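Pasting query.tsv here (TSV, C-alpha atoms):
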```
chain	number	residue	atom	x	y	z
A	1	MET	CA	33.42	-14.91	-27.11
A	2	ARG	CA	31.35	-17.46	-25.17
A	3	ASP	CA	27.57	-17.04	-25.02
A	4	ILE	CA	26.11	-15.81	-21.74
A	5	ALA	CA	23.42	-17.65	-19.77
A	6	VAL	CA	21.72	-16.06	-16.77
A	7	PHE	CA	19.61	-18.06	-14.31
A	8	SER	CA	17.89	-17.07	-11.07
A	9	GLY	CA	17.07	-19.03	-7.98
A	10	SER	CA	13.81	-18.43	-6.13
A	11	ALA	CA	15.28	-15.96	-3.60
A	12	HIS	CA	14.89	-12.74	-5.63
A	13	PRO	CA	13.66	-13.29	-9.22
A	14	GLN	CA	12.57	-9.65	-9.56
A	15	LEU	CA	16.16	-8.43	-9.16
A	16	ALA	CA	17.37	-11.05	-11.66
A	17	SER	CA	14.78	-9.84	-14.16
A	18	GLU	CA	15.99	-6.25	-13.73
A	19	VAL	CA	19.61	-7.32	-14.29
A	20	CYS	CA	18.67	-9.20	-17.46
A	21	ALA	CA	16.70	-6.18	-18.71
A	22	GLN	CA	19.85	-4.09	-18.32
A	23	LEU	CA	21.90	-6.70	-20.19
A	24	GLU	CA	19.25	-7.23	-22.88
A	25	VAL	CA	19.46	-11.00	-22.43
A	26	PRO	CA	16.66	-13.38	-21.40
A	27	LEU	CA	16.38	-14.70	-17.86
A	28	LEU	CA	16.53	-18.43	-18.49
A	29	PRO	CA	14.09	-20.77	-16.71
A	30	VAL	CA	14.90	-22.89	-13.67
A	31	ARG	CA	12.69	-25.70	-12.38
A	32	VAL	CA	12.74	-26.35	-8.64
A	33	GLN	CA	10.71	-29.21	-7.23
A	34	ARG	CA	10.53	-31.00	-3.90
A	35	PHE	CA	10.46	-34.74	-3.47
A	36	ALA	CA	8.18	-36.49	-0.97
A	37	ASN	CA	11.12	-36.78	1.45
A	38	ASP	CA	11.51	-32.93	1.37
A	39	CYS	CA	14.70	-32.97	-0.77
A	40	LEU	CA	15.05	-30.35	-3.49
A	41	GLU	CA	15.76	-31.01	-7.15
A	42	VAL	CA	16.90	-28.20	-9.45
A	43	GLN	CA	17.00	-28.24	-13.25
A	44	LEU	CA	18.50	-25.46	-15.39
A	45	GLN	CA	16.13	-25.49	-18.36
A	46	ALA	CA	18.46	-24.04	-20.99
A	47	ASN	CA	21.71	-25.09	-22.62
A	48	CYS	CA	24.84	-24.40	-20.52
A	49	ARG	CA	27.49	-26.24	-22.56
A	50	GLU	CA	30.58	-24.03	-23.02
A	51	ARG	CA	28.57	-20.97	-21.97
A	52	ASP	CA	29.41	-18.26	-19.44
A	53	VAL	CA	26.81	-19.01	-16.75
A	54	PHE	CA	25.68	-16.49	-14.10
A	55	LEU	CA	23.51	-17.68	-11.20
A	56	ILE	CA	21.73	-14.88	-9.31
A	57	GLN	CA	20.77	-15.80	-5.76
A	58	PRO	CA	21.02	-13.69	-2.57
A	59	LEU	CA	21.04	-15.70	0.64
A	60	VAL	CA	17.84	-14.44	2.27
A	61	THR	CA	15.15	-16.00	4.43
A	62	PRO	CA	14.84	-18.98	4.41
A	63	VAL	CA	18.64	-18.82	4.09
A	64	GLN	CA	19.37	-22.54	4.29
A	65	GLU	CA	16.71	-23.35	1.69
A	66	HIS	CA	18.13	-20.80	-0.76
A	67	LEU	CA	21.70	-21.90	-0.05
A	68	VAL	CA	20.95	-25.54	-0.92
A	69	GLU	CA	19.08	-24.39	-4.02
A	70	LEU	CA	22.16	-22.39	-5.09
A	71	LEU	CA	24.47	-25.36	-4.46
A	72	LEU	CA	22.25	-27.57	-6.61
A	73	MET	CA	22.20	-24.93	-9.38
A	74	LEU	CA	26.00	-24.81	-9.31
A	75	ASP	CA	26.28	-28.57	-9.49
A	76	ALA	CA	23.76	-28.65	-12.35
A	77	ALA	CA	25.75	-26.05	-14.32
A	78	ARG	CA	28.98	-27.96	-13.81
A	79	GLY	CA	27.34	-31.21	-14.86
A	80	ALA	CA	25.99	-29.45	-17.96
A	81	SER	CA	29.57	-28.53	-19.02
A	82	ALA	CA	29.35	-24.77	-18.39
A	83	ALA	CA	32.60	-23.07	-19.40
A	84	ARG	CA	32.52	-20.84	-16.29
A	85	THR	CA	29.97	-20.39	-13.53
A	86	THR	CA	29.75	-17.10	-11.62
A	87	VAL	CA	27.65	-16.81	-8.48
A	88	VAL	CA	25.98	-13.38	-8.33
A	89	MET	CA	25.24	-13.12	-4.62
A	90	PRO	CA	23.92	-9.64	-3.75
A	91	HIS	CA	23.62	-10.61	-0.08
A	92	TYR	CA	25.86	-13.17	1.62
A	93	ALA	CA	24.07	-13.86	4.89
A	94	TYR	CA	26.88	-16.00	6.35
A	95	ALA	CA	29.33	-13.09	6.05
A	96	ARG	CA	28.36	-12.19	9.63
A	97	SER	CA	29.86	-15.50	10.81
A	98	ASP	CA	33.41	-14.31	10.18
A	99	LYS	CA	35.26	-14.99	13.45
A	100	LYS	CA	35.24	-17.08	16.63
A	101	GLU	CA	33.84	-14.98	19.47
A	102	SER	CA	33.49	-17.98	21.80
A	103	PRO	CA	34.82	-21.56	21.93
A	104	ARG	CA	33.54	-24.41	19.76
A	105	ILE	CA	31.64	-22.42	17.14
A	106	SER	CA	31.96	-22.64	13.37
A	107	ILE	CA	33.20	-19.83	11.17
A	108	GLY	CA	30.20	-20.21	8.90
A	109	GLY	CA	31.31	-17.59	6.38
A	110	ARG	CA	34.35	-19.67	5.44
A	111	LEU	CA	32.49	-23.00	5.50
A	112	VAL	CA	29.75	-21.79	3.14
A	113	ALA	CA	32.39	-20.25	0.85
A	114	ASP	CA	34.06	-23.67	0.64
A	115	LEU	CA	30.70	-25.30	-0.13
A	116	LEU	CA	30.04	-22.90	-3.02
A	117	VAL	CA	33.46	-23.55	-4.54
A	118	THR	CA	33.13	-27.31	-4.08
A	119	ALA	CA	29.73	-27.22	-5.78
A	120	GLY	CA	31.25	-25.58	-8.85
A	121	ALA	CA	31.55	-21.80	-8.43
A	122	SER	CA	34.31	-20.43	-10.67
A	123	ARG	CA	33.87	-16.84	-9.49
A	124	VAL	CA	31.74	-14.85	-7.03
A	125	LEU	CA	30.19	-11.41	-7.49
A	126	ALA	CA	29.12	-10.03	-4.10
A	127	MET	CA	27.74	-6.75	-2.79
A	128	THR	CA	28.85	-5.08	0.49
A	129	LEU	CA	30.17	-8.02	2.50
A	130	HIS	CA	29.80	-7.60	6.26
A	131	SER	CA	33.56	-7.45	6.84
A	132	PRO	CA	36.61	-7.28	4.55
A	133	GLN	CA	38.12	-10.61	5.65
A	134	VAL	CA	35.15	-12.54	4.21
A	135	HIS	CA	36.55	-11.81	0.75
A	136	GLY	CA	39.52	-14.00	1.66
A	137	PHE	CA	37.35	-16.97	2.65
A	138	PHE	CA	36.85	-17.83	-1.03
A	139	SER	CA	39.49	-19.77	-2.99
A	140	VAL	CA	38.13	-18.42	-6.29
A	141	PRO	CA	38.16	-14.80	-7.53
A	142	VAL	CA	35.68	-12.49	-5.80
A	143	ASP	CA	34.45	-9.21	-7.28
A	144	HIS	CA	33.24	-7.17	-4.32
A	145	LEU	CA	30.87	-4.31	-5.18
A	146	HIS	CA	29.43	-1.66	-2.89
A	147	ALA	CA	26.32	0.50	-3.14
A	148	LEU	CA	27.88	3.78	-1.98
A	149	ARG	CA	27.52	5.38	-5.42
A	150	GLU	CA	23.81	4.59	-5.55
A	151	LEU	CA	23.23	5.82	-1.99
A	152	ALA	CA	25.30	8.97	-2.56
A	153	GLY	CA	23.42	9.72	-5.77
A	154	HIS	CA	20.18	9.70	-3.79
A	155	PHE	CA	21.39	11.95	-0.97
A	156	ARG	CA	22.98	14.48	-3.32
A	157	GLY	CA	19.42	15.61	-3.97
A	158	TYR	CA	19.31	17.14	-0.48
A	159	ASP	CA	20.93	20.25	0.95
A	160	LEU	CA	24.06	18.80	2.57
A	161	THR	CA	25.59	22.01	3.96
A	162	ASN	CA	24.82	20.99	7.55
A	163	THR	CA	25.11	17.20	7.17
A	164	THR	CA	27.24	14.59	8.97
A	165	VAL	CA	27.47	10.89	8.08
A	166	VAL	CA	27.42	8.69	11.19
A	167	SER	CA	28.57	5.07	11.39
A	168	PRO	CA	26.84	3.08	14.16
A	169	ASP	CA	30.19	1.53	15.16
A	170	LEU	CA	33.91	1.76	14.50
A	171	GLY	CA	33.87	-1.41	12.39
A	172	ASN	CA	31.82	0.35	9.70
A	173	ALA	CA	33.66	3.68	10.06
A	174	LYS	CA	35.88	3.15	6.99
A	175	GLU	CA	32.88	2.64	4.72
A	176	ALA	CA	31.11	5.62	6.32
A	177	ALA	CA	34.19	7.77	5.74
A	178	ALA	CA	34.24	6.77	2.06
A	179	PHE	CA	30.55	7.63	1.81
A	180	ALA	CA	31.14	10.98	3.51
A	181	ARG	CA	33.89	11.78	0.99
A	182	LEU	CA	31.48	11.08	-1.88
A	183	LEU	CA	29.07	13.61	-0.35
A	184	GLY	CA	31.75	16.07	0.76
A	185	VAL	CA	30.59	16.07	4.40
A	186	PRO	CA	32.21	15.17	7.78
A	187	VAL	CA	31.92	11.77	9.43
A	188	ALA	CA	31.28	10.55	12.99
A	189	ALA	CA	30.98	7.12	14.60
A	190	GLY	CA	29.30	5.46	17.54
A	191	ALA	CA	31.19	3.60	20.26
A	192	LYS	CA	29.21	0.35	20.27
A	193	GLN	CA	29.35	-2.74	22.42
A	194	ARG	CA	27.26	-5.79	21.49
A	195	PHE	CA	25.96	-8.08	24.25
A	196	ALA	CA	23.65	-10.27	22.13
A	197	ASP	CA	22.28	-10.40	18.60
A	198	ASP	CA	19.50	-7.98	19.56
A	199	ARG	CA	21.10	-6.14	22.49
A	200	VAL	CA	23.71	-3.42	21.99
A	201	SER	CA	24.91	-0.33	23.80
A	202	ILE	CA	26.30	2.84	22.23
A	203	SER	CA	28.00	4.80	24.98
A	204	ALA	CA	29.07	7.81	22.92
A	205	VAL	CA	29.19	9.33	19.44
A	206	ILE	CA	32.67	10.38	18.32
A	207	GLY	CA	32.34	13.52	16.22
A	208	ASP	CA	30.20	16.65	15.99
A	209	VAL	CA	26.50	15.88	15.56
A	210	THR	CA	24.75	18.55	17.66
A	211	GLY	CA	22.39	20.65	15.57
A	212	ARG	CA	23.30	18.78	12.37
A	213	ASP	CA	21.39	16.74	9.79
A	214	ILE	CA	22.49	13.14	10.21
A	215	ILE	CA	22.76	10.33	7.67
A	216	VAL	CA	23.27	7.04	9.53
A	217	LEU	CA	25.06	4.54	7.29
A	218	ASP	CA	25.26	0.80	7.98
A	219	ASP	CA	25.94	-2.21	5.77
A	220	GLU	CA	22.74	-4.00	6.79
A	221	ILE	CA	19.78	-3.58	9.11
A	222	ALA	CA	18.30	-6.77	10.54
A	223	LYS	CA	16.47	-6.35	13.85
A	224	GLY	CA	17.31	-2.65	13.98
A	225	SER	CA	18.53	-2.65	17.60
A	226	THR	CA	21.76	-0.84	16.71
A	227	ILE	CA	19.96	1.84	14.71
A	228	LEU	CA	17.41	2.45	17.46
A	229	GLU	CA	20.16	2.71	20.09
A	230	LEU	CA	22.05	5.18	17.91
A	231	VAL	CA	18.91	7.24	17.28
A	232	ASP	CA	18.50	7.53	21.07
A	233	ARG	CA	22.08	8.83	21.45
A	234	LEU	CA	21.68	11.28	18.55
A	235	ARG	CA	18.44	12.54	20.07
A	236	GLU	CA	20.22	13.15	23.38
A	237	LEU	CA	22.92	15.08	21.50
A	238	GLN	CA	20.22	17.24	19.89
A	239	CYS	CA	20.86	16.58	16.22
A	240	ARG	CA	18.49	18.36	13.85
A	241	SER	CA	17.25	15.47	11.69
A	242	ILE	CA	18.05	11.81	11.02
A	243	ARG	CA	18.00	9.76	7.84
A	244	VAL	CA	18.99	6.09	7.84
A	245	ALA	CA	20.74	4.35	4.93
A	246	CYS	CA	21.96	0.80	4.37
A	247	THR	CA	22.77	-1.58	1.54
A	248	HIS	CA	20.90	-4.66	2.79
A	249	GLY	CA	17.44	-3.89	4.20
A	250	LEU	CA	16.67	-7.18	5.92
A	251	PHE	CA	14.27	-5.58	8.43
A	252	ALA	CA	13.55	-8.69	10.49
A	253	GLY	CA	10.93	-8.88	13.20
A	254	GLY	CA	9.17	-5.59	12.44
A	255	ALA	CA	12.39	-3.55	12.42
A	256	LEU	CA	11.22	-1.34	9.56
A	257	LYS	CA	8.12	-0.26	11.47
A	258	ARG	CA	10.06	0.33	14.70
A	259	ILE	CA	12.58	2.55	12.96
A	260	GLY	CA	9.91	4.31	10.91
A	261	ASP	CA	7.91	5.04	14.07
A	262	GLN	CA	10.76	7.21	15.41
A	263	PRO	CA	9.48	10.78	14.85
A	264	ASP	CA	12.94	12.24	14.18
A	265	VAL	CA	13.77	9.62	11.51
A	266	LEU	CA	12.70	11.31	8.28
A	267	GLU	CA	13.67	8.60	5.78
A	268	ILE	CA	14.97	5.04	5.54
A	269	VAL	CA	16.95	4.26	2.38
A	270	CYS	CA	18.12	0.81	1.27
A	271	THR	CA	18.84	-1.04	-1.97
A	272	ASN	CA	17.05	-4.02	-3.47
A	273	THR	CA	19.81	-6.57	-2.78
A	274	VAL	CA	17.14	-8.41	-0.79
A	275	PRO	CA	13.38	-8.50	-1.47
A	276	ILE	CA	11.11	-6.36	0.71
A	277	ARG	CA	7.50	-7.47	1.00
A	278	ASP	CA	4.92	-4.85	0.04
A	279	GLU	CA	3.11	-5.23	3.36
A	280	GLU	CA	6.30	-4.26	5.24
A	281	ARG	CA	6.92	-1.02	3.35
A	282	THR	CA	6.27	2.35	5.00
A	283	ALA	CA	5.93	5.87	3.63
A	284	LYS	CA	9.43	6.64	4.93
A	285	LEU	CA	11.09	3.83	2.95
A	286	THR	CA	13.01	4.48	-0.28
A	287	VAL	CA	14.41	1.47	-2.18
A	288	LEU	CA	17.18	2.06	-4.73
A	289	SER	CA	17.93	-0.47	-7.47
A	290	ILE	CA	21.42	-1.96	-7.72
A	291	ALA	CA	20.46	-3.90	-10.87
A	292	PRO	CA	22.36	-1.47	-13.17
A	293	ALA	CA	25.54	-1.91	-11.10
A	294	LEU	CA	25.22	-5.70	-11.04
A	295	ALA	CA	24.50	-5.77	-14.78
A	296	GLU	CA	27.54	-3.63	-15.53
A	297	ALA	CA	29.71	-5.91	-13.39
A	298	VAL	CA	28.32	-9.02	-15.14
A	299	ARG	CA	29.00	-7.37	-18.51
A	300	ASN	CA	32.59	-6.54	-17.55
A	301	ILE	CA	33.25	-10.02	-16.16
A	302	HIS	CA	31.87	-11.61	-19.32
A	303	ASN	CA	33.93	-9.32	-21.56
A	304	GLY	CA	37.12	-9.69	-19.51
A	305	GLU	CA	37.14	-6.04	-18.43
A	306	SER	CA	37.88	-4.39	-15.09
A	307	VAL	CA	35.21	-4.48	-12.41
A	308	SER	CA	37.04	-2.13	-10.03
A	309	ALA	CA	36.76	0.58	-12.71
A	310	LEU	CA	33.02	0.67	-11.97
A	311	PHE	CA	33.72	2.57	-8.75
A	312	ASP	CA	35.42	5.46	-10.55
A	313	GLY	CA	32.41	7.03	-12.25
A	314	PRO	CA	28.75	7.80	-11.52
A	315	PRO	CA	26.34	4.90	-11.02
A	316	PRO	CA	25.02	3.30	-14.22
A	317	VAL	CA	21.39	4.14	-14.94
A	318	ALA	CA	20.73	3.34	-18.61
A	319	ILE	CA	18.51	0.36	-19.33
A	320	GLY	CA	19.15	-1.63	-22.45
A	321	GLN	CA	22.89	-1.12	-22.84
A	322	PRO	CA	24.10	-3.88	-25.18
A	323	LEU	CA	26.15	-6.73	-23.75
A	324	PHE	CA	29.07	-6.35	-26.15
```
Any chance you could put this one into structure tokens?
Amino acid sequence: MRDIAVFSGSAHPQLASEVCAQLEVPLLPVRVQRFANDCLEVQLQANCRERDVFLIQPLVTPVQEHLVELLLMLDAARGASAARTTVVMPHYAYARSDKKESPRISIGGRLVADLLVTAGASRVLAMTLHSPQVHGFFSVPVDHLHALRELAGHFRGYDLTNTTVVSPDLGNAKEAAAFARLLGVPVAAGAKQRFADDRVSISAVIGDVTGRDIIVLDDEIAKGSTILELVDRLRELQCRSIRVACTHGLFAGGALKRIGDQPDVLEIVCTNTVPIRDEERTAKLTVLSIAPALAEAVRNIHNGESVSALFDGPPPVAIGQPLF
């Protein structure tokens, strides 16, 4: 069995440390420096030769900076004769660029996937991609995790007898339905039309929400315009309470405060796929760790075991489970 080597870029070292704590392996050092002409240089400061290398790096702000850093890490691992290099990418920002909605634009999700493979990625471990077709943009194996188990584990602590899961749009309805099945509750969905990145309209909510406790589920929240529009519709339909859940809590441009300021929003729940600055947190925010799930997936990949089997049981919680 090859040795394992885990490195982290600068995007989210805290999550990488949590993953390594679960695996009981050290997080190996990486040196990143900038030349006078603003170019980056990356050095993996541990032996990679014939090792199973895992590079942990979500694509978060500044996305382009962290993308180039990841590409340089991949190239460094390949040049150091790594036996296999797996990109652990909890958030793939370019997954939203998955289709041509107007002439003469790039499908960025596919282009960046090609760049990662060209740079040396042997495999990709991703979490809750924005749309299913993004999986097919990669020409190497992709293990696609979701955080529904972690989110469901949190909400099972509430009385769910009068609860409905609501997807903001029909595109996310399949994931919302799977989440609703985990909780044993009904599902509804908004009829959404997007006019711009920060301008949407939800004309109706398909399903029974009047007088019910609502859990709004989305894959990511960026500016929060969709969530705020949906909260307005749910308020008009006289739901009893609202909780908001997502995998990727990007919360750009003060979105977390705007959502938290809604009096009928009782809680905002996300995972730590992306870092959230302490100054942005509110009393309504709950952050769940997906480090145990990522660590279990890394362990199974390294040991040649099934990753899809991780979805069959409860979420992993134990820290310090041995690698082998």
Quiz item: What's the 12 Å shell around Glu279 (chain A), counting all atoms listed in the file, without same-chain residues fewer than 4 positions away, as a list in words?
Solution: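 Counting only the stated atoms, we get Gly254, Leu256, Lys257, Pro275 and Ala283 of chain A.
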File dump, residues just selected, C-alpha atoms, as an mmCIF file, in the coordinates of the input:
```
data_model
loop_
_atom_site.group_PDB
_atom_site.id
_atom_site.type_symbol
_atom_site.label_atom_id
_atom_site.label_comp_id
_atom_site.auth_asym_id
_atom_site.auth_seq_id
_atom_site.Cartn_x
_atom_site.Cartn_y
_atom_site.Cartn_z
ATOM 1 C CA GLY A 254 9.170 -5.590 12.440
ATOM 2 C CA LEU A 256 11.220 -1.340 9.560
ATOM 3 C CA LYS A 257 8.120 -0.260 11.470
ATOM 4 C CA PRO A 275 13.380 -8.500 -1.470
ATOM 5 C CA ALA A 283 5.930 5.870 3.630
#
```
Self-check item: Contacts of region 225-242 of chain A at 7 Å (all atoms listed in the file; same-chain gap of 3+ positions) as JSON, numbers by chain
Solution: {"A": [168, 198, 199, 200, 201, 202, 209, 210, 211, 212, 213, 214, 215, 259, 264, 265, 266]}
Quiz item: Quick one: distance from CA of Gly120 (chain A) to CA of Phe138 (chain A) in Å, one decimal?
Solution: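 CA of Gly120 (chain A) sits 12.4 Å away from CA of Phe138 (chain A).
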Quiz item: CA of Thr161 (chain A) to CA of Pro292 (chain A): how many Å, to one decimal?
Solution: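 Distance reported for this atom pair: 29.2 Å.
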Counting all atoms listed in the file, which residues in region 197-300 of chain A sit no more than 12 Å from region 83-95 of chain A? For each one, give the nearest pair of atoms and the distance in Å, sorted by chain then residue number, as JSON lines.
```
{"residue": "A:Asp219", "atom": "CA", "partner": "A:His91", "partner_atom": "CA", "distance": 10.5}
{"residue": "A:Glu220", "atom": "CA", "partner": "A:His91", "partner_atom": "CA", "distance": 9.6}
{"residue": "A:Ile221", "atom": "CA", "partner": "A:Ala93", "partner_atom": "CA", "distance": 11.9}
{"residue": "A:Ala222", "atom": "CA", "partner": "A:Ala93", "partner_atom": "CA", "distance": 10.7}
{"residue": "A:Thr247", "atom": "CA", "partner": "A:His91", "partner_atom": "CA", "distance": 9.2}
{"residue": "A:His248", "atom": "CA", "partner": "A:His91", "partner_atom": "CA", "distance": 7.1}
{"residue": "A:Gly249", "atom": "CA", "partner": "A:His91", "partner_atom": "CA", "distance": 10.1}
{"residue": "A:Leu250", "atom": "CA", "partner": "A:His91", "partner_atom": "CA", "distance": 9.8}
{"residue": "A:Thr271", "atom": "CA", "partner": "A:Pro90", "partner_atom": "CA", "distance": 10.1}
{"residue": "A:Asn272", "atom": "CA", "partner": "A:Pro90", "partner_atom": "CA", "distance": 8.9}
{"residue": "A:Thr273", "atom": "CA", "partner": "A:Pro90", "partner_atom": "CA", "distance": 5.2}
{"residue": "A:Val274", "atom": "CA", "partner": "A:His91", "partner_atom": "CA", "distance": 6.9}
{"residue": "A:Pro275", "atom": "CA", "partner": "A:His91", "partner_atom": "CA", "distance": 10.5}
{"residue": "A:Ser289", "atom": "CA", "partner": "A:Pro90", "partner_atom": "CA", "distance": 11.6}
{"residue": "A:Ile290", "atom": "CA", "partner": "A:Pro90", "partner_atom": "CA", "distance": 9.0}
{"residue": "A:Ala291", "atom": "CA", "partner": "A:Pro90", "partner_atom": "CA", "distance": 9.8}
{"residue": "A:Ala293", "atom": "CA", "partner": "A:Pro90", "partner_atom": "CA", "distance": 10.8}
{"residue": "A:Leu294", "atom": "CA", "partner": "A:Val88", "partner_atom": "CA", "distance": 8.2}
{"residue": "A:Ala295", "atom": "CA", "partner": "A:Val88", "partner_atom": "CA", "distance": 10.1}
{"residue": "A:Ala297", "atom": "CA", "partner": "A:Val88", "partner_atom": "CA", "distance": 9.8}
{"residue": "A:Val298", "atom": "CA", "partner": "A:Val88", "partner_atom": "CA", "distance": 8.4}
{"residue": "A:Arg299", "atom": "CA", "partner": "A:Thr86", "partner_atom": "CA", "distance": 11.9}
```
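Going from CA of Ser308 (chain A) to CA of Ala21 (chain A) covers 22.5 Å.
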Quiz item: Glu50 (chain A): which residues within 9 Å, counting all atoms listed in the file, same-chain residues fewer than 4 positions away excluded, as a list in words?
Solution: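 Final neighbour list, sorted by chain and number: Arg2, Asp3, Ala80, Ser81, Ala82, Ala83 and Arg84 of chain A.
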Self-check item: Polymer residues at most 9 Å from Leu288 (chain A), all atoms listed in the file, same-chain spacing of 6 or more positions, as a ChimeraX atom specification
Solution: /A:150-151,154,269-272
Your completed region 71-82 of chain A with N, CA, C and O atoms, as a PDB file, keeping the file's coordinate frame:
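Result file part.pdb:
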```
ATOM      1  N   LEU A  71      23.496 -24.275  -4.304  1.00  0.00           N
ATOM      2  CA  LEU A  71      24.470 -25.360  -4.460  1.00  0.00           C
ATOM      3  C   LEU A  71      24.037 -26.335  -5.548  1.00  0.00           C
ATOM      4  O   LEU A  71      24.855 -26.792  -6.369  1.00  0.00           O
ATOM      5  N   LEU A  72      22.754 -26.648  -5.588  1.00  0.00           N
ATOM      6  CA  LEU A  72      22.250 -27.570  -6.610  1.00  0.00           C
ATOM      7  C   LEU A  72      22.318 -26.931  -8.006  1.00  0.00           C
ATOM      8  O   LEU A  72      22.612 -27.605  -8.996  1.00  0.00           O
ATOM      9  N   MET A  73      22.068 -25.628  -8.099  1.00  0.00           N
ATOM     10  CA  MET A  73      22.200 -24.930  -9.380  1.00  0.00           C
ATOM     11  C   MET A  73      23.647 -24.962  -9.868  1.00  0.00           C
ATOM     12  O   MET A  73      23.919 -25.174 -11.061  1.00  0.00           O
ATOM     13  N   LEU A  74      24.582 -24.751  -8.950  1.00  0.00           N
ATOM     14  CA  LEU A  74      26.000 -24.810  -9.310  1.00  0.00           C
ATOM     15  C   LEU A  74      26.386 -26.194  -9.814  1.00  0.00           C
ATOM     16  O   LEU A  74      27.081 -26.332 -10.832  1.00  0.00           O
ATOM     17  N   ASP A  75      25.950 -27.207  -9.094  1.00  0.00           N
ATOM     18  CA  ASP A  75      26.280 -28.570  -9.490  1.00  0.00           C
ATOM     19  C   ASP A  75      25.652 -28.912 -10.843  1.00  0.00           C
ATOM     20  O   ASP A  75      26.267 -29.593 -11.670  1.00  0.00           O
ATOM     21  N   ALA A  76      24.431 -28.413 -11.075  1.00  0.00           N
ATOM     22  CA  ALA A  76      23.760 -28.650 -12.350  1.00  0.00           C
ATOM     23  C   ALA A  76      24.516 -27.983 -13.496  1.00  0.00           C
ATOM     24  O   ALA A  76      24.684 -28.560 -14.575  1.00  0.00           O
ATOM     25  N   ALA A  77      25.002 -26.755 -13.272  1.00  0.00           N
ATOM     26  CA  ALA A  77      25.750 -26.050 -14.320  1.00  0.00           C
ATOM     27  C   ALA A  77      27.065 -26.760 -14.628  1.00  0.00           C
ATOM     28  O   ALA A  77      27.462 -26.898 -15.795  1.00  0.00           O
ATOM     29  N   ARG A  78      27.729 -27.234 -13.590  1.00  0.00           N
ATOM     30  CA  ARG A  78      28.980 -27.960 -13.810  1.00  0.00           C
ATOM     31  C   ARG A  78      28.720 -29.259 -14.560  1.00  0.00           C
ATOM     32  O   ARG A  78      29.456 -29.607 -15.504  1.00  0.00           O
ATOM     33  N   GLY A  79      27.669 -29.965 -14.174  1.00  0.00           N
ATOM     34  CA  GLY A  79      27.340 -31.210 -14.860  1.00  0.00           C
ATOM     35  C   GLY A  79      26.886 -31.004 -16.289  1.00  0.00           C
ATOM     36  O   GLY A  79      26.964 -31.925 -17.102  1.00  0.00           O
ATOM     37  N   ALA A  80      26.423 -29.772 -16.603  1.00  0.00           N
ATOM     38  CA  ALA A  80      25.990 -29.450 -17.960  1.00  0.00           C
ATOM     39  C   ALA A  80      27.125 -28.855 -18.797  1.00  0.00           C
ATOM     40  O   ALA A  80      26.881 -28.289 -19.858  1.00  0.00           O
ATOM     41  N   SER A  81      28.374 -28.959 -18.292  1.00  0.00           N
ATOM     42  CA  SER A  81      29.570 -28.530 -19.020  1.00  0.00           C
ATOM     43  C   SER A  81      29.633 -27.032 -19.276  1.00  0.00           C
ATOM     44  O   SER A  81      30.061 -26.568 -20.335  1.00  0.00           O
ATOM     45  N   ALA A  82      29.185 -26.222 -18.278  1.00  0.00           N
ATOM     46  CA  ALA A  82      29.350 -24.770 -18.390  1.00  0.00           C
ATOM     47  C   ALA A  82      30.836 -24.440 -18.462  1.00  0.00           C
ATOM     48  O   ALA A  82      31.665 -25.054 -17.773  1.00  0.00           O
TER      49      ALA A  82
END
```
